[in-house]
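Visitor: Let me give you the structure first, and then I'll get to my questions.
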Amino acid sequence: MAFSLALYPIAYRARFDGKGWREEYIEQPHKTAAEENALSQEERDALNEKRNNFPGVPLVNYTTQYGMGCFEGLKAFPREDGSLSIFRPDENAARFARSMKGLSMPGFPEDHFVRAVRETVSRNAVLGFNPSFSKDWLKDDFVSASAVYIRPFSYAEGGIGVGISKRPDVFIVANPVGSYFKPGKSSAVTTDRVRATPRGTGWIKCDSNYVMSALAKKEAEDAGFMEVLFLDSREHRYLEEGSSCNAFFYLKSGTLVTPELGDTVLPGITRKSVIQLARDAGIKVEERKISIDEAMADAKEVFFTGTAASVSFVDSITHQGKTASFGNEPGELTRSLNHQIKGIQYGTVADSHGWMVKV
Ligand SMILES: *Cc1c(COP(=O)(O)O)cnc(C)c1O
């Protein structure tokens with residue numbers, strides 16, 4: 001993962017007091033952006049550690065003890081004119097409110113979310129903490145481009161018994177990010193671990209779901225693969241998604257298929273956007289069950305989608321010792337969708353759906 005934990009200095013905190021949310025922006029220790037760029041690795045590590053230390057935050061609580069919490073991930077993209085634009089923050093706001101309610105917490109108001117996300121990015125940018133646009137990025141369709149990664153999350157009040165958070169905090173932190181998958185490795189492998197079960201929390205972006213994802217992804221990487229593919233828990237036959245990304249299968253028939261949403265598949269915003277863009281291009285898109293056998297026999301292109309993954313080409317799927325290959329390079333549809341999404345985000349393709357929100 002290309003996440004380096006180098007938090008930007010300004011963070012947002014909102015505390016639920018039983019009725020409303022008390023908001024504040026926290027300025028963590030920092031130097032000027034230029035001074036920070038000149039630091040030695042050791043000095044930088046020391047500063048990063050200070051930046052990730054928030055006094056007054058309870059250590060023992062339902063989130064740290066029991067994974068009772070949820071989060072979001074979204075990005076702000078630098079534009080050629082020097083501005084920053086956020087991709088569909090209203091969608092993340094709605095999902096975050098659903099996640100909090102799904103965990104029996106008070107929902108964080110969507111207007112607070114969008115405003116706080118914009119403000120966190122802009123306050124950091126005012127201090128010089130933001131990536132700037134590079135024309136070099138056009139050469140490889142923004143594969144190597146930078147962005148601001150924004151991480152809103154809930155954090156429970158102190159407590160040691162298993163319980164529900166009644167007075168959560170919501171934090172928003174931001175950090176710089178490059179590309180998610182290491183270049184050169186793009187193979188996927190199925191796992192017999194189970195990420196999500198019917199009636200469970202797979203549809204919520206909640207902390208506790210990522211234990212299984214991280215274990216399965218590590219096993220896949222140790223075996224030489226880039227990503228893992230989870231199958232359904234009942235029959236171990238239908239594809240669900242990757243460790244933290246949705247999966248698409250472009251069949252030889254010309255239909256684009258992605259597993260239908262339900263209890264066990266996370267409703268990705270990139271997923272939703274890719275479905276829209278494919279339909280705009282006149283491609284038939286089906287959200288339905290797709291078995292691993294069907295995908296391996298009938299797919300001509302396979303890709304993952306997510307805020308971190310964007311549209312990531314998969315060159316092969318391995319399942320129970322058999323491998324299906326989909327070529328060495330991204331196919332036409334994968335390339336086109338990646339080009340469009342990245343172009344809309346970085347401002348080089350017209351944003352015809354009005355997805356981008358200026359900081
Ligand atoms: C976040 C996430 C995704 C992708 O969602 P986006 O909104 O596109 O970033 C897919 N699957 C899981 C399990 C996730 O956590």
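Scheme for the structure tokens: letters A, B, ... for chains in order shown; per-chain residue numbers from 1; ligand numbers from 1 in order shown.
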Could you give me the residues within stretch 27-242 of chain A that DSSP places in strand (DSSP E or B), as a PDB file with N, CA and C atoms, in the first residue's frame?

Guide:
ATOM      1  N   GLU A  27      -5.003  22.053  15.251  1.00  0.00           N
ATOM      2  CA  GLU A  27      -3.749  22.276  14.532  1.00  0.00           C
ATOM      3  C   GLU A  27      -2.643  21.519  15.246  1.00  0.00           C
ATOM      4  N   ASN A  61     -11.826   2.317  24.675  1.00  0.00           N
ATOM      5  CA  ASN A  61     -13.205   2.632  24.275  1.00  0.00           C
ATOM      6  C   ASN A  61     -13.750   1.530  23.370  1.00  0.00           C
ATOM      7  N   CYS A  70     -16.801   3.217  12.377  1.00  0.00           N
ATOM      8  CA  CYS A  70     -16.863   3.169  10.918  1.00  0.00           C
ATOM      9  C   CYS A  70     -16.038   4.317  10.344  1.00  0.00           C
ATOM     10  N   PHE A  71     -15.802   4.249   9.055  1.00  0.00           N
ATOM     11  CA  PHE A  71     -14.938   5.262   8.447  1.00  0.00           C
ATOM     12  C   PHE A  71     -15.330   5.496   7.004  1.00  0.00           C
ATOM     13  N   LEU A  74     -12.087   9.231   0.943  1.00  0.00           N
ATOM     14  CA  LEU A  74     -12.364   9.974  -0.298  1.00  0.00           C
ATOM     15  C   LEU A  74     -11.153  10.824  -0.624  1.00  0.00           C
ATOM     16  N   LYS A  75     -11.160  11.392  -1.815  1.00  0.00           N
ATOM     17  CA  LYS A  75      -9.961  12.116  -2.249  1.00  0.00           C
ATOM     18  C   LYS A  75     -10.287  13.494  -2.788  1.00  0.00           C
ATOM     19  N   ALA A  76      -9.329  14.408  -2.591  1.00  0.00           N
ATOM     20  CA  ALA A  76      -9.355  15.704  -3.263  1.00  0.00           C
ATOM     21  C   ALA A  76      -8.233  15.686  -4.296  1.00  0.00           C
ATOM     22  N   PHE A  77      -8.553  16.178  -5.492  1.00  0.00           N
ATOM     23  CA  PHE A  77      -7.612  16.087  -6.606  1.00  0.00           C
ATOM     24  C   PHE A  77      -7.111  17.463  -7.010  1.00  0.00           C
ATOM     25  N   PRO A  78      -5.792  17.597  -7.195  1.00  0.00           N
ATOM     26  CA  PRO A  78      -5.264  18.874  -7.660  1.00  0.00           C
ATOM     27  C   PRO A  78      -5.567  19.082  -9.149  1.00  0.00           C
ATOM     28  N   LEU A  84      -8.300  22.582  -5.914  1.00  0.00           N
ATOM     29  CA  LEU A  84      -8.507  21.190  -5.510  1.00  0.00           C
ATOM     30  C   LEU A  84      -9.995  20.886  -5.619  1.00  0.00           C
ATOM     31  N   SER A  85     -10.318  19.666  -6.062  1.00  0.00           N
ATOM     32  CA  SER A  85     -11.717  19.267  -6.200  1.00  0.00           C
ATOM     33  C   SER A  85     -11.925  17.885  -5.596  1.00  0.00           C
ATOM     34  N   ILE A  86     -13.034  17.718  -4.896  1.00  0.00           N
ATOM     35  CA  ILE A  86     -13.327  16.450  -4.208  1.00  0.00           C
ATOM     36  C   ILE A  86     -14.347  15.650  -5.020  1.00  0.00           C
ATOM     37  N   PHE A  87     -14.117  14.339  -5.100  1.00  0.00           N
ATOM     38  CA  PHE A  87     -14.994  13.461  -5.865  1.00  0.00           C
ATOM     39  C   PHE A  87     -16.179  13.004  -5.004  1.00  0.00           C
ATOM     40  N   ALA A 147      -2.748  12.788  -4.831  1.00  0.00           N
ATOM     41  CA  ALA A 147      -4.017  13.384  -4.412  1.00  0.00           C
ATOM     42  C   ALA A 147      -3.988  13.533  -2.897  1.00  0.00           C
ATOM     43  N   VAL A 148      -5.020  14.167  -2.364  1.00  0.00           N
ATOM     44  CA  VAL A 148      -5.187  14.223  -0.914  1.00  0.00           C
ATOM     45  C   VAL A 148      -6.160  13.113  -0.527  1.00  0.00           C
ATOM     46  N   TYR A 149      -5.722  12.247   0.337  1.00  0.00           N
ATOM     47  CA  TYR A 149      -6.612  11.207   0.843  1.00  0.00           C
ATOM     48  C   TYR A 149      -7.260  11.730   2.128  1.00  0.00           C
ATOM     49  N   ILE A 150      -8.570  11.641   2.199  1.00  0.00           N
ATOM     50  CA  ILE A 150      -9.316  12.189   3.335  1.00  0.00           C
ATOM     51  C   ILE A 150      -9.959  11.022   4.085  1.00  0.00           C
ATOM     52  N   ARG A 151      -9.735  10.964   5.365  1.00  0.00           N
ATOM     53  CA  ARG A 151     -10.236   9.844   6.160  1.00  0.00           C
ATOM     54  C   ARG A 151     -11.102  10.346   7.320  1.00  0.00           C
ATOM     55  N   PRO A 152     -12.407  10.385   7.123  1.00  0.00           N
ATOM     56  CA  PRO A 152     -13.326  10.646   8.237  1.00  0.00           C
ATOM     57  C   PRO A 152     -13.565   9.332   8.988  1.00  0.00           C
ATOM     58  N   PHE A 153     -13.684   9.389  10.305  1.00  0.00           N
ATOM     59  CA  PHE A 153     -13.999   8.167  11.052  1.00  0.00           C
ATOM     60  C   PHE A 153     -14.662   8.492  12.379  1.00  0.00           C
ATOM     61  N   SER A 154     -15.391   7.516  12.870  1.00  0.00           N
ATOM     62  CA  SER A 154     -16.013   7.679  14.183  1.00  0.00           C
ATOM     63  C   SER A 154     -15.064   7.131  15.232  1.00  0.00           C
ATOM     64  N   TYR A 155     -15.203   7.626  16.447  1.00  0.00           N
ATOM     65  CA  TYR A 155     -14.351   7.181  17.550  1.00  0.00           C
ATOM     66  C   TYR A 155     -15.192   7.261  18.816  1.00  0.00           C
ATOM     67  N   GLY A 158     -15.103   6.682  26.055  1.00  0.00           N
ATOM     68  CA  GLY A 158     -14.485   5.661  26.893  1.00  0.00           C
ATOM     69  C   GLY A 158     -15.470   4.608  27.357  1.00  0.00           C
ATOM     70  N   ASP A 169     -17.250  10.589  18.773  1.00  0.00           N
ATOM     71  CA  ASP A 169     -16.595  11.690  18.084  1.00  0.00           C
ATOM     72  C   ASP A 169     -16.533  11.329  16.602  1.00  0.00           C
ATOM     73  N   VAL A 170     -16.460  12.352  15.775  1.00  0.00           N
ATOM     74  CA  VAL A 170     -16.109  12.128  14.372  1.00  0.00           C
ATOM     75  C   VAL A 170     -14.842  12.929  14.108  1.00  0.00           C
ATOM     76  N   PHE A 171     -13.836  12.250  13.617  1.00  0.00           N
ATOM     77  CA  PHE A 171     -12.585  12.909  13.227  1.00  0.00           C
ATOM     78  C   PHE A 171     -12.469  12.923  11.712  1.00  0.00           C
ATOM     79  N   ILE A 172     -11.785  13.919  11.200  1.00  0.00           N
ATOM     80  CA  ILE A 172     -11.389  13.882   9.785  1.00  0.00           C
ATOM     81  C   ILE A 172      -9.910  14.231   9.731  1.00  0.00           C
ATOM     82  N   VAL A 173      -9.141  13.338   9.156  1.00  0.00           N
ATOM     83  CA  VAL A 173      -7.724  13.620   8.936  1.00  0.00           C
ATOM     84  C   VAL A 173      -7.452  13.494   7.435  1.00  0.00           C
ATOM     85  N   ALA A 174      -6.339  14.068   7.004  1.00  0.00           N
ATOM     86  CA  ALA A 174      -5.990  14.007   5.585  1.00  0.00           C
ATOM     87  C   ALA A 174      -4.502  13.720   5.465  1.00  0.00           C
ATOM     88  N   ASN A 175      -4.145  13.040   4.390  1.00  0.00           N
ATOM     89  CA  ASN A 175      -2.718  12.823   4.122  1.00  0.00           C
ATOM     90  C   ASN A 175      -2.490  12.675   2.616  1.00  0.00           C
ATOM     91  N   PRO A 176      -1.241  12.890   2.188  1.00  0.00           N
ATOM     92  CA  PRO A 176      -0.972  12.778   0.756  1.00  0.00           C
ATOM     93  C   PRO A 176      -0.950  11.315   0.339  1.00  0.00           C
ATOM     94  N   VAL A 177      -1.367  11.033  -0.890  1.00  0.00           N
ATOM     95  CA  VAL A 177      -1.405   9.644  -1.349  1.00  0.00           C
ATOM     96  C   VAL A 177      -1.021   9.546  -2.825  1.00  0.00           C
ATOM     97  N   SER A 187      -2.539  -9.604 -10.412  1.00  0.00           N
ATOM     98  CA  SER A 187      -3.259 -10.872 -10.394  1.00  0.00           C
ATOM     99  C   SER A 187      -4.100 -10.989  -9.125  1.00  0.00           C
ATOM    100  N   ALA A 188      -5.206 -11.700  -9.246  1.00  0.00           N
ATOM    101  CA  ALA A 188      -6.094 -11.890  -8.097  1.00  0.00           C
ATOM    102  C   ALA A 188      -6.238 -13.382  -7.814  1.00  0.00           C
ATOM    103  N   VAL A 189      -6.499 -13.689  -6.556  1.00  0.00           N
ATOM    104  CA  VAL A 189      -6.679 -15.088  -6.164  1.00  0.00           C
ATOM    105  C   VAL A 189      -7.865 -15.162  -5.197  1.00  0.00           C
ATOM    106  N   THR A 190      -8.642 -16.215  -5.328  1.00  0.00           N
ATOM    107  CA  THR A 190      -9.768 -16.369  -4.404  1.00  0.00           C
ATOM    108  C   THR A 190      -9.241 -16.843  -3.048  1.00  0.00           C
ATOM    109  N   THR A 191     -10.049 -16.602  -2.029  1.00  0.00           N
ATOM    110  CA  THR A 191      -9.693 -17.055  -0.680  1.00  0.00           C
ATOM    111  C   THR A 191     -10.855 -17.857  -0.122  1.00  0.00           C
ATOM    112  N   CYS A 206     -17.330  -0.561   8.252  1.00  0.00           N
ATOM    113  CA  CYS A 206     -17.028  -0.555   9.682  1.00  0.00           C
ATOM    114  C   CYS A 206     -15.705  -1.236   9.976  1.00  0.00           C
ATOM    115  N   GLU A 227      -4.121  -9.086  -5.244  1.00  0.00           N
ATOM    116  CA  GLU A 227      -5.384  -8.838  -4.537  1.00  0.00           C
ATOM    117  C   GLU A 227      -6.081 -10.165  -4.305  1.00  0.00           C
ATOM    118  N   VAL A 228      -7.012 -10.113  -3.379  1.00  0.00           N
ATOM    119  CA  VAL A 228      -7.771 -11.303  -3.035  1.00  0.00           C
ATOM    120  C   VAL A 228      -9.218 -11.119  -3.488  1.00  0.00           C
ATOM    121  N   LEU A 229      -9.875 -12.205  -3.806  1.00  0.00           N
ATOM    122  CA  LEU A 229     -11.293 -12.164  -4.181  1.00  0.00           C
ATOM    123  C   LEU A 229     -12.074 -13.008  -3.187  1.00  0.00           C
ATOM    124  N   PHE A 230     -13.060 -12.383  -2.561  1.00  0.00           N
ATOM    125  CA  PHE A 230     -13.904 -13.115  -1.627  1.00  0.00           C
ATOM    126  C   PHE A 230     -15.108 -13.709  -2.356  1.00  0.00           C
ATOM    127  N   LEU A 231     -15.481 -14.915  -1.932  1.00  0.00           N
ATOM    128  CA  LEU A 231     -16.681 -15.569  -2.463  1.00  0.00           C
ATOM    129  C   LEU A 231     -17.766 -15.557  -1.381  1.00  0.00           C
ATOM    130  N   TYR A 238     -20.194 -17.689  -5.465  1.00  0.00           N
ATOM    131  CA  TYR A 238     -20.436 -16.400  -6.112  1.00  0.00           C
ATOM    132  C   TYR A 238     -19.426 -15.357  -5.667  1.00  0.00           C
ATOM    133  N   LEU A 239     -18.985 -14.566  -6.634  1.00  0.00           N
ATOM    134  CA  LEU A 239     -17.995 -13.536  -6.347  1.00  0.00           C
ATOM    135  C   LEU A 239     -18.622 -12.399  -5.555  1.00  0.00           C
ATOM    136  N   GLU A 241     -16.325  -9.446  -3.594  1.00  0.00           N
ATOM    137  CA  GLU A 241     -15.463  -8.291  -3.881  1.00  0.00           C
ATOM    138  C   GLU A 241     -14.036  -8.567  -3.450  1.00  0.00           C
TER     139      GLU A 241
END

Visitor: Show me which residues line ligand 1, defined as having an atom within 10 Å of a ligand atom where only C-alpha atoms and all ligand atoms count, and present them as a PyMOL selection string.

Guide: chain A and resi 70-75+88-89+91-92+95+195-196+202-207+209-210+213+240-247+264-274+304-311

Visitor: Name the residues in contact with A:Asn52 at a cut-off of 9 Å, using only C-alpha atoms, excluding same-chain residues fewer than 4 positions from it; report them as a VMD selection string.

Guide: chain A and resid 5 to 7 28 47 to 48

Visitor: Restricted to N, CA, C and O atoms, what would the selected residues look like written as a short mmCIF file (atom, residue, chain, number, x, y, z; two decimals), in the first residue's frame?

Guide:
data_model
loop_
_atom_site.label_atom_id
_atom_site.label_comp_id
_atom_site.auth_asym_id
_atom_site.auth_seq_id
_atom_site.Cartn_x
_atom_site.Cartn_y
_atom_site.Cartn_z
N LEU A 5 1.89 7.22 6.45
CA LEU A 5 1.13 7.95 7.46
C LEU A 5 1.84 9.24 7.80
O LEU A 5 2.56 9.33 8.78
N ALA A 6 1.67 10.20 6.90
CA ALA A 6 2.23 11.53 7.11
C ALA A 6 1.04 12.47 7.12
O ALA A 6 0.72 13.11 6.13
N LEU A 7 0.34 12.50 8.25
CA LEU A 7 -0.88 13.30 8.34
C LEU A 7 -0.58 14.77 8.10
O LEU A 7 0.44 15.28 8.56
N GLN A 28 -2.15 20.49 14.62
CA GLN A 28 -1.10 19.66 15.18
C GLN A 28 0.27 20.29 14.91
O GLN A 28 0.39 21.18 14.06
N LEU A 47 8.22 13.82 13.64
CA LEU A 47 7.12 14.78 13.45
C LEU A 47 5.81 14.05 13.13
O LEU A 47 4.75 14.37 13.67
N ASN A 48 5.90 13.03 12.27
CA ASN A 48 4.70 12.26 11.93
C ASN A 48 4.08 11.63 13.18
O ASN A 48 2.85 11.56 13.30
#

Visitor: Quick one: pull the distance between atom CA of A:Lys358 and atom CA of A:Ser83, Å, one decimal.

Guide: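 One can read the atom CA of A:Lys358 to atom CA of A:Ser83 distance as 7.6 Å.
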
Visitor: If we count only C-alpha atoms, what is near A:Arg115 at a cut-off of 12 Å, once residues fewer than 5 positions away on the same chain are taken out, given as a ChimeraX atom specification?

Guide: /A:12,23,86,89-90,93,109-110,120-123,172,357-359

Visitor: Given the selection you just returned, output its residues as a file containing all heavy atoms, formatted as a tab-separated table (two decimals), in the first residue's frame.

Guide:
chain	number	residue	atom	x	y	z
A	12	TYR	N	-9.96	17.62	11.92
A	12	TYR	CA	-11.30	18.07	12.36
A	12	TYR	C	-11.81	17.11	13.43
A	12	TYR	O	-11.57	15.91	13.36
A	12	TYR	CB	-12.23	18.06	11.16
A	12	TYR	CG	-13.71	18.18	11.45
A	12	TYR	CD1	-14.32	19.43	11.53
A	12	TYR	CD2	-14.50	17.04	11.61
A	12	TYR	CE1	-15.69	19.54	11.77
A	12	TYR	CE2	-15.87	17.14	11.86
A	12	TYR	CZ	-16.45	18.39	11.93
A	12	TYR	OH	-17.80	18.50	12.17
A	23	GLU	N	-18.04	21.28	17.05
A	23	GLU	CA	-16.99	21.11	16.05
A	23	GLU	C	-15.75	21.94	16.37
A	23	GLU	O	-15.85	23.04	16.92
A	23	GLU	CB	-17.51	21.57	14.68
A	23	GLU	CG	-18.74	20.81	14.22
A	23	GLU	CD	-19.21	21.28	12.86
A	23	GLU	OE1	-19.95	22.28	12.80
A	23	GLU	OE2	-18.81	20.65	11.85
A	86	ILE	N	-13.03	17.72	-4.90
A	86	ILE	CA	-13.33	16.45	-4.21
A	86	ILE	C	-14.35	15.65	-5.02
A	86	ILE	O	-15.32	16.22	-5.54
A	86	ILE	CB	-13.87	16.72	-2.79
A	86	ILE	CG1	-12.92	17.64	-2.03
A	86	ILE	CG2	-14.07	15.43	-2.02
A	86	ILE	CD1	-13.46	18.10	-0.68
A	89	PRO	N	-18.32	13.97	-2.57
A	89	PRO	CA	-18.33	13.91	-1.10
A	89	PRO	C	-19.72	13.71	-0.52
A	89	PRO	O	-19.88	13.17	0.58
A	89	PRO	CB	-17.75	15.27	-0.68
A	89	PRO	CG	-18.00	16.17	-1.84
A	89	PRO	CD	-17.89	15.29	-3.06
A	90	ASP	N	-20.75	14.13	-1.27
A	90	ASP	CA	-22.13	13.94	-0.81
A	90	ASP	C	-22.45	12.45	-0.68
A	90	ASP	O	-23.20	12.03	0.21
A	90	ASP	CB	-23.11	14.63	-1.77
A	90	ASP	CG	-22.80	14.26	-3.22
A	90	ASP	OD1	-21.59	14.29	-3.61
A	90	ASP	OD2	-23.73	13.92	-3.97
A	93	ALA	N	-20.81	11.22	2.41
A	93	ALA	CA	-21.56	11.75	3.56
A	93	ALA	C	-22.78	10.86	3.84
A	93	ALA	O	-23.05	10.51	5.00
A	93	ALA	CB	-22.00	13.19	3.28
A	109	PRO	N	-24.50	14.39	10.56
A	109	PRO	CA	-25.25	15.11	9.52
A	109	PRO	C	-24.44	15.27	8.22
A	109	PRO	O	-23.26	15.61	8.26
A	109	PRO	CB	-25.51	16.48	10.16
A	109	PRO	CG	-25.36	16.27	11.63
A	109	PRO	CD	-24.36	15.16	11.79
A	110	GLU	N	-25.13	15.03	7.10
A	110	GLU	CA	-24.42	15.02	5.81
A	110	GLU	C	-23.85	16.39	5.45
A	110	GLU	O	-22.79	16.48	4.86
A	110	GLU	CB	-25.36	14.49	4.72
A	110	GLU	CG	-25.72	13.03	4.98
A	110	GLU	CD	-26.78	12.46	4.06
A	110	GLU	OE1	-26.77	12.82	2.86
A	110	GLU	OE2	-27.61	11.66	4.53
A	120	THR	N	-11.33	20.96	5.94
A	120	THR	CA	-10.08	20.31	6.35
A	120	THR	C	-9.05	20.37	5.22
A	120	THR	O	-7.88	20.69	5.43
A	120	THR	CB	-10.35	18.84	6.75
A	120	THR	OG1	-11.33	18.83	7.79
A	120	THR	CG2	-9.09	18.15	7.24
A	121	VAL	N	-9.51	20.09	4.00
A	121	VAL	CA	-8.59	20.14	2.85
A	121	VAL	C	-8.11	21.58	2.64
A	121	VAL	O	-6.92	21.82	2.44
A	121	VAL	CB	-9.26	19.59	1.58
A	121	VAL	CG1	-8.36	19.78	0.36
A	121	VAL	CG2	-9.61	18.12	1.75
A	122	SER	N	-9.04	22.53	2.70
A	122	SER	CA	-8.63	23.91	2.37
A	122	SER	C	-7.73	24.50	3.45
A	122	SER	O	-6.77	25.19	3.15
A	122	SER	CB	-9.84	24.79	2.08
A	122	SER	OG	-10.44	25.19	3.26
A	123	ARG	N	-8.01	24.20	4.72
A	123	ARG	CA	-7.14	24.74	5.79
A	123	ARG	C	-5.72	24.19	5.67
A	123	ARG	O	-4.75	24.90	5.95
A	123	ARG	CB	-7.71	24.41	7.17
A	123	ARG	CG	-8.90	25.25	7.51
A	123	ARG	CD	-9.36	24.97	8.93
A	123	ARG	NE	-10.60	25.69	9.21
A	123	ARG	CZ	-10.83	26.35	10.33
A	123	ARG	NH1	-9.93	26.40	11.29
A	123	ARG	NH2	-11.97	26.98	10.50
A	172	ILE	N	-11.78	13.92	11.20
A	172	ILE	CA	-11.39	13.88	9.78
A	172	ILE	C	-9.91	14.23	9.73
A	172	ILE	O	-9.49	15.27	10.25
A	172	ILE	CB	-12.19	14.88	8.92
A	172	ILE	CG1	-13.70	14.57	9.02
A	172	ILE	CG2	-11.73	14.83	7.47
A	172	ILE	CD1	-14.59	15.58	8.28
A	357	VAL	N	-16.70	18.47	-6.47
A	357	VAL	CA	-17.04	19.59	-5.60
A	357	VAL	C	-15.76	20.36	-5.28
A	357	VAL	O	-14.81	19.79	-4.72
A	357	VAL	CB	-17.72	19.10	-4.29
A	357	VAL	CG1	-17.90	20.23	-3.30
A	357	VAL	CG2	-19.05	18.46	-4.63
A	358	LYS	N	-15.75	21.61	-5.65
A	358	LYS	CA	-14.56	22.45	-5.42
A	358	LYS	C	-14.33	22.65	-3.94
A	358	LYS	O	-15.27	22.82	-3.18
A	358	LYS	CB	-14.74	23.81	-6.11
A	358	LYS	CG	-14.01	23.89	-7.43
A	358	LYS	CD	-13.77	25.31	-7.87
A	358	LYS	CE	-12.46	25.28	-8.58
A	358	LYS	NZ	-12.02	26.25	-9.39
A	359	VAL	N	-13.04	22.64	-3.56
A	359	VAL	CA	-12.70	22.87	-2.16
A	359	VAL	C	-12.92	24.34	-1.82
A	359	VAL	O	-12.61	25.20	-2.63
A	359	VAL	CB	-11.24	22.45	-1.90
A	359	VAL	CG1	-10.77	22.97	-0.56
A	359	VAL	CG2	-11.12	20.95	-1.97

Visitor: How many Å separate atom CA of A:Ala156 from atom CA of A:Ser99?

Guide: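 For atom CA of A:Ala156 relative to atom CA of A:Ser99, the distance reads 14.0 Å.
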
Visitor: Find the residues near A:Val162: any atom within 9 Å, counting only C-alpha atoms, skip ones fewer than 5 places away on the same chain, and give them as a VMD selection string.

Guide: chain A and resid 62 65 to 66

Visitor: Those residues with N, CA, C and O atoms, as a PDB file, in the first residue's frame please?

Guide:
ATOM      1  N   TYR A  62     -15.002   1.674  22.949  1.00  0.00           N
ATOM      2  CA  TYR A  62     -15.644   0.620  22.152  1.00  0.00           C
ATOM      3  C   TYR A  62     -14.979   0.450  20.786  1.00  0.00           C
ATOM      4  O   TYR A  62     -15.072  -0.615  20.177  1.00  0.00           O
ATOM      5  N   GLN A  65     -11.382  -1.347  21.557  1.00  0.00           N
ATOM      6  CA  GLN A  65     -11.516  -2.673  22.148  1.00  0.00           C
ATOM      7  C   GLN A  65     -12.324  -3.632  21.270  1.00  0.00           C
ATOM      8  O   GLN A  65     -12.026  -4.815  21.218  1.00  0.00           O
ATOM      9  N   TYR A  66     -13.350  -3.108  20.612  1.00  0.00           N
ATOM     10  CA  TYR A  66     -14.287  -4.018  19.937  1.00  0.00           C
ATOM     11  C   TYR A  66     -14.508  -3.703  18.457  1.00  0.00           C
ATOM     12  O   TYR A  66     -15.381  -4.295  17.823  1.00  0.00           O
TER      13      TYR A  66
END

Visitor: Need to verify the contact set: A:Leu138, 10 Å, only C-alpha atoms, exclusion of same-chain residues closer than 3 positions in sequence. Can you return it as a PyMOL selection string?

Guide: chain A and resi 134-135+141-145+339+342-343+346+348

Visitor: Give me a file of those residues, with C-alpha atoms, as a tab-separated table (two decimals), in the first residue's frame.

Guide:
chain	number	residue	atom	x	y	z
A	134	SER	CA	1.85	17.86	-12.82
A	135	LYS	CA	1.57	17.65	-16.61
A	141	ASP	CA	-3.44	8.50	-17.45
A	142	PHE	CA	-2.72	9.60	-13.86
A	143	VAL	CA	-1.43	6.18	-12.74
A	144	SER	CA	1.41	7.91	-10.89
A	145	ALA	CA	-0.58	10.99	-9.85
A	339	HIS	CA	-9.26	7.40	-18.36
A	342	LYS	CA	-9.26	9.97	-13.55
A	343	GLY	CA	-9.93	12.66	-16.14
A	346	TYR	CA	-8.15	15.69	-12.26
A	348	THR	CA	-9.08	16.86	-17.94

Visitor: For A:Phe326, find every residue with an atom within 6 Å (counting only C-alpha atoms), except residues of its own chain fewer than 6 positions away, and show them as a list of chain:residue names.

Guide: A:Lys300, A:Glu301, A:Asp315, A:Ser316

Visitor: What is the atom CA of A:Met100 to atom CA of A:Gly69 distance in Å?

Guide: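 If I compute the distance from atom CA of A:Met100 to atom CA of A:Gly69, I get 7.7 Å.
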
Visitor: Can you write out as a Markdown table which residues of stretch 192-259 of chain A fall within 7 Å of stretch 283-286 of chain A, alongside each residue's closest atom pair and its distance in Å to one decimal, counting only C-alpha atoms and ordering rows by chain and ascending residue number?

Guide:
| residue | atom | partner | partner_atom | distance |
| --- | --- | --- | --- | --- |
| A:Thr255 | CA | A:Lys284 | CA | 5.1 |
| A:Leu256 | CA | A:Val285 | CA | 4.7 |
| A:Val257 | CA | A:Glu286 | CA | 4.8 |
| A:Thr258 | CA | A:Glu286 | CA | 6.5 |

Visitor: Can those selected residues be exported to a file as a tab-separated table (two decimals), in the first residue's frame so that it contains N, CA and C atoms?

Guide:
chain	number	residue	atom	x	y	z
A	255	THR	N	-21.43	-7.74	-22.07
A	255	THR	CA	-22.10	-7.24	-20.87
A	255	THR	C	-21.10	-7.07	-19.73
A	256	LEU	N	-21.25	-5.95	-19.03
A	256	LEU	CA	-20.40	-5.70	-17.87
A	256	LEU	C	-21.18	-6.14	-16.63
A	257	VAL	N	-20.60	-7.04	-15.86
A	257	VAL	CA	-21.30	-7.59	-14.69
A	257	VAL	C	-20.53	-7.24	-13.42
A	258	THR	N	-21.28	-6.85	-12.40
A	258	THR	CA	-20.67	-6.65	-11.08
A	258	THR	C	-21.62	-7.26	-10.05

Visitor: Taking into account only C-alpha atoms, which residue in the set A:Leu59, A:Ser208, A:Glu260, A:Val302 is nearest to A:Arg288?

Guide: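 Closest candidate: A:Glu260.
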
Visitor: Between A:Asn37, A:Thr323, A:Ser165, A:Asn328, which one has atoms that come closest to A:Met68, using only C-alpha atoms?

Guide: A:Ser165
